[in-house]
$ cat model-v3.csv   # CSV, C-alpha atoms
chain,number,residue,atom,x,y,z
A,300,MET,CA,-125.9,190.0,166.1
A,301,TRP,CA,-125.6,190.3,169.9
A,302,ALA,CA,-122.1,189.1,169.9
A,303,SER,CA,-120.5,192.5,169.3
A,304,PRO,CA,-122.3,194.4,172.1
A,305,LEU,CA,-121.7,191.6,174.6
A,306,ARG,CA,-118.1,191.2,173.6
A,307,ALA,CA,-117.6,195.0,174.1
A,308,LEU,CA,-119.3,194.8,177.5
A,309,TYR,CA,-117.0,191.9,178.7
A,310,ALA,CA,-114.0,193.6,177.4
A,311,ALA,CA,-114.8,196.9,179.2
A,312,ARG,CA,-115.4,195.1,182.5
A,313,THR,CA,-112.2,193.0,182.2
A,314,VAL,CA,-110.0,196.0,181.4
A,315,SER,CA,-111.6,198.1,184.3
A,316,ARG,CA,-110.8,195.3,186.8
A,317,GLY,CA,-107.2,194.9,185.6
A,318,ILE,CA,-107.8,191.4,184.0
A,319,LYS,CA,-106.3,190.6,180.7
A,320,PRO,CA,-107.7,187.3,179.3
A,321,ASN,CA,-105.8,185.7,176.5
A,322,VAL,CA,-109.0,184.9,174.6
A,323,LEU,CA,-112.4,186.5,174.8
A,324,HIS,CA,-115.4,184.4,173.7
A,325,LEU,CA,-119.1,184.6,174.6
A,326,ASN,CA,-119.5,181.2,176.1
A,327,ASN,CA,-118.7,179.4,179.3
A,328,GLY,CA,-115.0,179.4,178.4
A,329,VAL,CA,-115.0,183.2,178.8
A,330,ARG,CA,-116.1,183.1,182.4
A,331,SER,CA,-113.8,180.2,183.3
A,332,GLU,CA,-110.8,181.8,181.6
A,333,LEU,CA,-111.5,185.1,183.3
A,334,LYS,CA,-111.8,183.3,186.6
A,335,TYR,CA,-108.6,181.4,185.9
A,336,THR,CA,-106.7,184.6,185.0
A,337,ARG,CA,-107.8,186.2,188.3
A,338,HIS,CA,-106.8,183.1,190.3
A,339,MET,CA,-103.3,183.0,188.8
A,340,SER,CA,-102.8,186.7,189.6
A,341,THR,CA,-103.7,186.2,193.3
A,342,SER,CA,-101.5,183.1,193.6
A,343,GLU,CA,-98.5,185.0,192.2
A,344,ASN,CA,-99.1,187.9,194.7
A,345,THR,CA,-99.3,185.4,197.7
A,346,GLY,CA,-96.1,183.7,196.6
A,347,GLY,CA,-94.4,187.1,196.4
A,348,LYS,CA,-95.5,188.0,200.0
A,349,LYS,CA,-94.3,184.6,201.2
A,350,GLY,CA,-90.9,185.0,199.6
A,351,TRP,CA,-90.6,188.5,201.1
A,352,SER,CA,-91.3,187.2,204.5
A,353,GLN,CA,-88.7,184.4,204.2
A,354,SER,CA,-86.2,187.0,203.1
A,355,ASN,CA,-86.9,189.2,206.1
A,356,VAL,CA,-86.4,186.2,208.5
A,357,SER,CA,-83.1,185.3,206.8
A,358,ALA,CA,-81.9,188.9,207.0
A,359,GLY,CA,-82.9,189.1,210.7
A,360,MET,CA,-81.0,185.9,211.6
A,361,TYR,CA,-77.9,187.1,209.7
A,362,THR,CA,-78.0,190.4,211.5
A,363,ALA,CA,-78.4,188.7,214.9
A,364,SER,CA,-75.5,186.3,214.2
A,365,ILE,CA,-73.2,189.3,213.4
A,366,PHE,CA,-74.3,191.1,216.6
A,367,ILE,CA,-73.5,188.0,218.7
A,368,ALA,CA,-70.2,187.5,217.1
A,369,MET,CA,-69.2,191.1,217.6
A,370,LEU,CA,-70.3,190.9,221.2
A,371,GLY,CA,-68.0,187.9,221.8
A,372,ILE,CA,-65.1,189.7,220.1
A,373,SER,CA,-65.5,192.7,222.3
A,374,TYR,CA,-65.3,190.6,225.4
A,375,ALA,CA,-62.2,188.9,224.2
A,376,ALA,CA,-60.5,192.1,222.9
A,377,VAL,CA,-59.2,193.3,226.2
A,378,PRO,CA,-57.3,190.2,227.3
A,379,LEU,CA,-56.1,189.5,223.8
A,380,TYR,CA,-54.9,193.0,223.3
A,381,ARG,CA,-53.1,193.0,226.7
A,382,LEU,CA,-51.4,189.6,225.8
A,383,PHE,CA,-50.3,191.0,222.5
A,384,CYS,CA,-48.8,194.1,224.1
A,385,ALA,CA,-47.1,192.0,226.8
A,386,SER,CA,-45.5,189.8,224.1
A,387,THR,CA,-44.4,192.6,221.8
A,388,GLY,CA,-43.9,195.7,223.9
A,389,TYR,CA,-46.6,197.5,221.8
A,390,SER,CA,-47.9,200.8,223.2
A,391,GLY,CA,-45.3,201.0,225.9
A,392,THR,CA,-46.2,197.6,227.6
A,393,PRO,CA,-43.2,195.9,229.2
A,394,VAL,CA,-42.4,192.5,227.7
A,395,ILE,CA,-43.2,189.4,229.9
A,396,ASP,CA,-42.3,186.8,227.2
A,397,THR,CA,-40.2,184.2,229.2
A,398,ALA,CA,-38.5,183.1,226.0
A,399,ARG,CA,-36.6,186.4,226.1
A,400,PHE,CA,-35.2,185.8,229.6
A,401,GLY,CA,-32.4,183.4,228.5
A,402,ALA,CA,-29.1,183.5,230.4
A,403,GLU,CA,-27.3,184.9,227.4
A,404,ARG,CA,-29.4,188.1,227.6
A,405,LEU,CA,-28.8,188.6,231.3
A,406,VAL,CA,-25.2,189.7,230.8
A,407,PRO,CA,-24.5,193.4,231.4
A,408,LYS,CA,-23.3,195.1,228.2
A,409,ASP,CA,-21.7,198.5,228.7
A,410,ASP,CA,-21.7,200.5,225.4
A,411,GLU,CA,-18.5,202.5,225.4
A,412,GLY,CA,-19.0,206.2,225.4
A,413,ARG,CA,-22.7,205.9,226.5
A,414,LYS,CA,-24.1,206.7,229.9
A,415,ARG,CA,-26.1,204.2,231.9
A,416,ILE,CA,-29.8,204.2,231.3
A,417,ARG,CA,-31.9,206.1,233.9
A,418,ILE,CA,-35.0,204.2,235.0
A,419,THR,CA,-37.6,206.2,236.9
A,420,PHE,CA,-40.7,204.9,238.7
A,421,GLU,CA,-44.2,206.5,238.9
A,422,SER,CA,-47.4,205.5,240.7
A,423,ASN,CA,-51.1,206.4,240.5
A,424,THR,CA,-54.3,205.2,242.2
A,425,SER,CA,-57.9,205.5,241.0
A,426,ASP,CA,-60.3,207.6,243.0
A,427,SER,CA,-62.3,204.5,244.0
A,428,LEU,CA,-59.3,202.9,245.8
A,429,PRO,CA,-58.5,204.4,249.3
A,430,TRP,CA,-54.8,203.3,249.3
A,431,SER,CA,-51.5,205.1,249.3
A,432,PHE,CA,-49.2,203.7,246.7
A,433,LYS,CA,-45.7,204.8,245.8
A,434,PRO,CA,-42.3,203.5,244.7
A,435,GLU,CA,-39.7,203.0,247.5
A,436,VAL,CA,-37.0,204.5,245.2
A,437,ARG,CA,-37.6,207.0,242.5
A,438,GLU,CA,-34.8,206.0,240.1
A,439,VAL,CA,-32.0,203.5,239.3
A,440,PHE,CA,-29.3,203.4,236.6
A,441,VAL,CA,-28.7,200.2,234.6
A,442,VAL,CA,-26.9,199.0,231.5
A,443,PRO,CA,-28.6,196.7,229.0
A,444,GLY,CA,-28.5,193.1,230.2
A,445,GLU,CA,-28.2,194.1,233.8
A,446,THR,CA,-30.9,193.0,236.2
A,447,ALA,CA,-32.4,195.3,238.8
A,448,LEU,CA,-34.8,194.9,241.7
A,449,THR,CA,-37.0,197.6,243.2
A,450,PHE,CA,-40.1,197.8,245.3
A,451,TYR,CA,-43.5,199.6,245.4
A,452,LYS,CA,-45.3,200.0,248.7
A,453,ALA,CA,-49.1,200.1,249.1
A,454,LYS,CA,-51.1,200.8,252.3
A,455,SER,CA,-54.8,200.7,252.8
A,456,LYS,CA,-56.7,203.6,254.3
A,457,ALA,CA,-60.1,201.9,253.9
A,458,LYS,CA,-62.4,200.9,256.8
A,459,ASP,CA,-62.9,197.5,255.2
A,460,ASP,CA,-60.9,194.9,253.2
A,461,VAL,CA,-60.3,196.1,249.7
A,462,ILE,CA,-58.8,194.2,246.7
A,463,GLY,CA,-56.7,196.2,244.3
A,464,ILE,CA,-55.3,195.4,240.9
A,465,ALA,CA,-52.6,197.3,239.0
A,466,THR,CA,-51.8,198.0,235.3
A,467,TYR,CA,-48.5,199.4,233.9
A,468,ASN,CA,-46.8,200.9,231.0
A,469,VAL,CA,-43.4,202.3,229.9
A,470,THR,CA,-42.5,205.6,228.3
A,471,PRO,CA,-41.2,206.4,225.8
A,472,TYR,CA,-43.5,203.8,224.1
A,473,ARG,CA,-40.8,202.7,221.6
A,474,ALA,CA,-38.7,201.5,224.5
A,475,GLY,CA,-41.4,199.1,225.8
A,476,SER,CA,-40.2,196.2,223.6
A,477,TYR,CA,-36.8,196.3,225.4
A,478,PHE,CA,-38.1,196.6,229.0
A,479,ASN,CA,-38.4,193.0,230.2
A,480,LYS,CA,-40.0,192.3,233.5
A,481,ILE,CA,-39.0,189.0,235.1
A,482,GLN,CA,-41.3,189.5,238.1
A,483,CYS,CA,-43.9,192.1,239.1
A,484,PHE,CA,-47.3,192.5,240.7
A,485,CYS,CA,-49.2,193.7,237.6
A,486,PHE,CA,-52.6,192.3,237.1
A,487,GLU,CA,-52.4,190.3,240.3
A,488,GLU,CA,-55.1,190.9,242.9
A,489,GLN,CA,-53.8,192.4,246.2
A,490,LYS,CA,-56.1,192.2,249.2
A,491,LEU,CA,-55.4,194.6,252.1
A,492,SER,CA,-57.1,194.9,255.4
A,493,PRO,CA,-57.7,198.3,257.1
A,494,GLY,CA,-54.2,199.8,257.9
A,495,GLU,CA,-52.3,196.9,256.3
A,496,ASP,CA,-49.3,197.6,254.0
A,497,ILE,CA,-47.4,195.5,251.5
A,498,ASP,CA,-44.1,195.7,249.6
A,499,MET,CA,-44.3,194.5,246.0
A,500,PRO,CA,-41.2,193.7,244.0
A,501,VAL,CA,-40.4,194.5,240.4
A,502,PHE,CA,-37.5,192.5,238.9
A,503,PHE,CA,-36.5,193.7,235.4
A,504,PHE,CA,-33.7,194.2,232.8
A,505,ILE,CA,-33.2,196.1,229.6
A,506,ASP,CA,-32.8,193.9,226.6
A,507,PRO,CA,-29.2,194.1,225.1
A,508,ASP,CA,-30.7,194.6,221.6
A,509,PHE,CA,-31.5,198.1,222.9
A,510,LEU,CA,-28.0,199.1,221.9
A,511,ASP,CA,-28.4,198.0,218.3
A,512,ASP,CA,-31.6,199.9,217.6
A,513,PRO,CA,-30.9,203.3,216.1
A,514,MET,CA,-34.3,204.5,217.4
A,515,MET,CA,-32.9,204.1,220.9
A,516,LYS,CA,-29.9,206.3,220.5
A,517,ASP,CA,-31.5,209.3,222.0
A,518,VAL,CA,-33.3,207.4,224.8
A,519,ASN,CA,-31.5,208.1,228.1
A,520,THR,CA,-34.5,207.8,230.5
A,521,ILE,CA,-37.2,205.2,230.7
A,522,THR,CA,-40.2,205.5,233.0
A,523,LEU,CA,-42.1,202.6,234.5
A,524,SER,CA,-45.5,203.6,235.7
A,525,TYR,CA,-48.1,201.7,237.6
A,526,THR,CA,-51.8,202.5,238.3
A,527,PHE,CA,-53.8,200.7,241.0
A,528,PHE,CA,-57.6,200.2,240.6
A,529,ASN,CA,-60.3,198.9,242.9
A,530,SER,CA,-60.9,195.4,241.5
A,531,LYS,CA,-64.6,195.8,242.2
A,532,TYR,CA,-64.8,198.4,239.5
A,533,ALA,CA,-62.2,196.9,237.2
A,534,GLN,CA,-63.8,193.6,236.2
A,535,GLY,CA,-62.1,193.6,232.8
A,536,LEU,CA,-58.6,193.4,234.2
A,537,SER,CA,-57.1,190.0,234.7
A,538,PRO,CA,-53.5,188.6,234.7
A,539,ALA,CA,-51.9,188.5,231.3
A,540,GLN,CA,-50.4,185.0,230.9
A,541,PRO,CA,-46.7,185.1,229.7
A,542,SER,CA,-46.0,183.0,226.6
A,543,SER,CA,-43.6,180.1,227.1
$ encode --input "model-v3.csv" --output "structure tokens"
Amino acid sequence: MWASPLRALYAARTVSRGIKPNVLHLNNGVRSELKYTRHMSTSENTGGKKGWSQSNVSAGMYTASIFIAMLGISYAAVPLYRLFCASTGYSGTPVIDTARFGAERLVPKDDEGRKRIRITFESNTSDSLPWSFKPEVREVFVVPGETALTFYKAKSKAKDDVIGIATYNVTPYRAGSYFNKIQCFCFEEQKLSPGEDIDMPVFFFIDPDFLDDPMMKDVNTITLSYTFFNSKYAQGLSPAQPSS
């Protein structure tokens, strides 16, 4: 006769605590089963927290590895991009691929009815470099396949020794793939003492394929431009190695 009230009491306490036993009896099995049900619930909760923690660690390691990889790529991007431009003439970068300097390409080809190509020279220096820097001649005229030699002159106005390094490009950009430099001072460190000056050569030619490219039909002037920087503030600049 006491079973019904006690069963109702245990059922009420169990539901109020969020425990749902499979079987409810008024004996020791009730207590043990209630305890067993509570124990299983706690274990499952602990296992969930452990799995969540492991997931966080894995995600953190994955993110860190991506960050390190991107950092490495960013450091390599500048020299790789410069090497690519020097090999293809992309973005107005003169070609320095020695495979394109064969004797058969160094034969002047005068296209009948077309003027010689005007090559102009420009120079710039960064504010951090106390040098004067200018081309010794402002322009020359060549035909594709004809080699030409010119010079730039730099003079230091600094009170101490200064190391400079130069970059270059060609305009119009689409002509960069045909402007081949056999020798130049680009990306080479130049050290000048106070008052010292230096003459730096540029030996180049226009690739004969220039004449066969319809995109070059309206190109009568090509400009080669150099900019000198203080190497102390241009750590990312280094010589681009020509491909063999």
$ closest_residue --input "model-v3.csv" --among "A:Asp426, A:Asp460, A:Glu488, A:Asp506" --to "Gln534 in chain A" --atoms "all atoms listed in the file"
A:Glu488
$ atom_distance --input "model-v3.csv" --atom1 "CA of Glu403 in chain A" --atom2 "CA of Ala474 in chain A"
20.3 Å
$ atom_distance --input "model-v3.csv" --atom1 "CA of Pro407 in chain A" --atom2 "CA of Gln482 in chain A"
18.5 Å
$ atom_distance --input "model-v3.csv" --atom1 "CA of Pro429 in chain A" --atom2 "CA of Phe528 in chain A"
9.7 Å
$ closest_residue --input "model-v3.csv" --among "A:Ile505, A:Ala465, A:Met499, A:Ile521" --to "Ala533 in chain A" --atoms "all atoms listed in the file"
A:Ala465
$ residues_around --input "model-v3.csv" --residues "Asn529 in chain A" --least-positions-apart "2" --cutoff "8 Å" --atoms "only C-alpha atoms" --output "list in words"
Ser425, Ser427, Leu428, Val461, Ile462, Gly463, Ile464, Phe527, Lys531, Tyr532 and Ala533 of chain A
$ closest_residue --input "model-v3.csv" --among "A:Pro513, A:Gly444, A:Phe484, A:Tyr525" --to "Gly401 in chain A" --atoms "only C-alpha atoms"
A:Gly444
$ closest_residue --input "model-v3.csv" --among "A:Leu523, A:Ile418, A:Leu510, A:Ile497" --to "Val439 in chain A" --atoms "all atoms listed in the file"
A:Ile418
$ closest_residue --input "model-v3.csv" --among "A:Cys483, A:Leu491, A:Met514, A:Ile365" --to "Ala447 in chain A" --atoms "all atoms listed in the file"
A:Cys483
$ closest_residue --input "model-v3.csv" --among "A:Thr520, A:Thr419, A:Ser357, A:Thr424" --to "Arg437 in chain A" --atoms "only C-alpha atoms"
A:Thr419
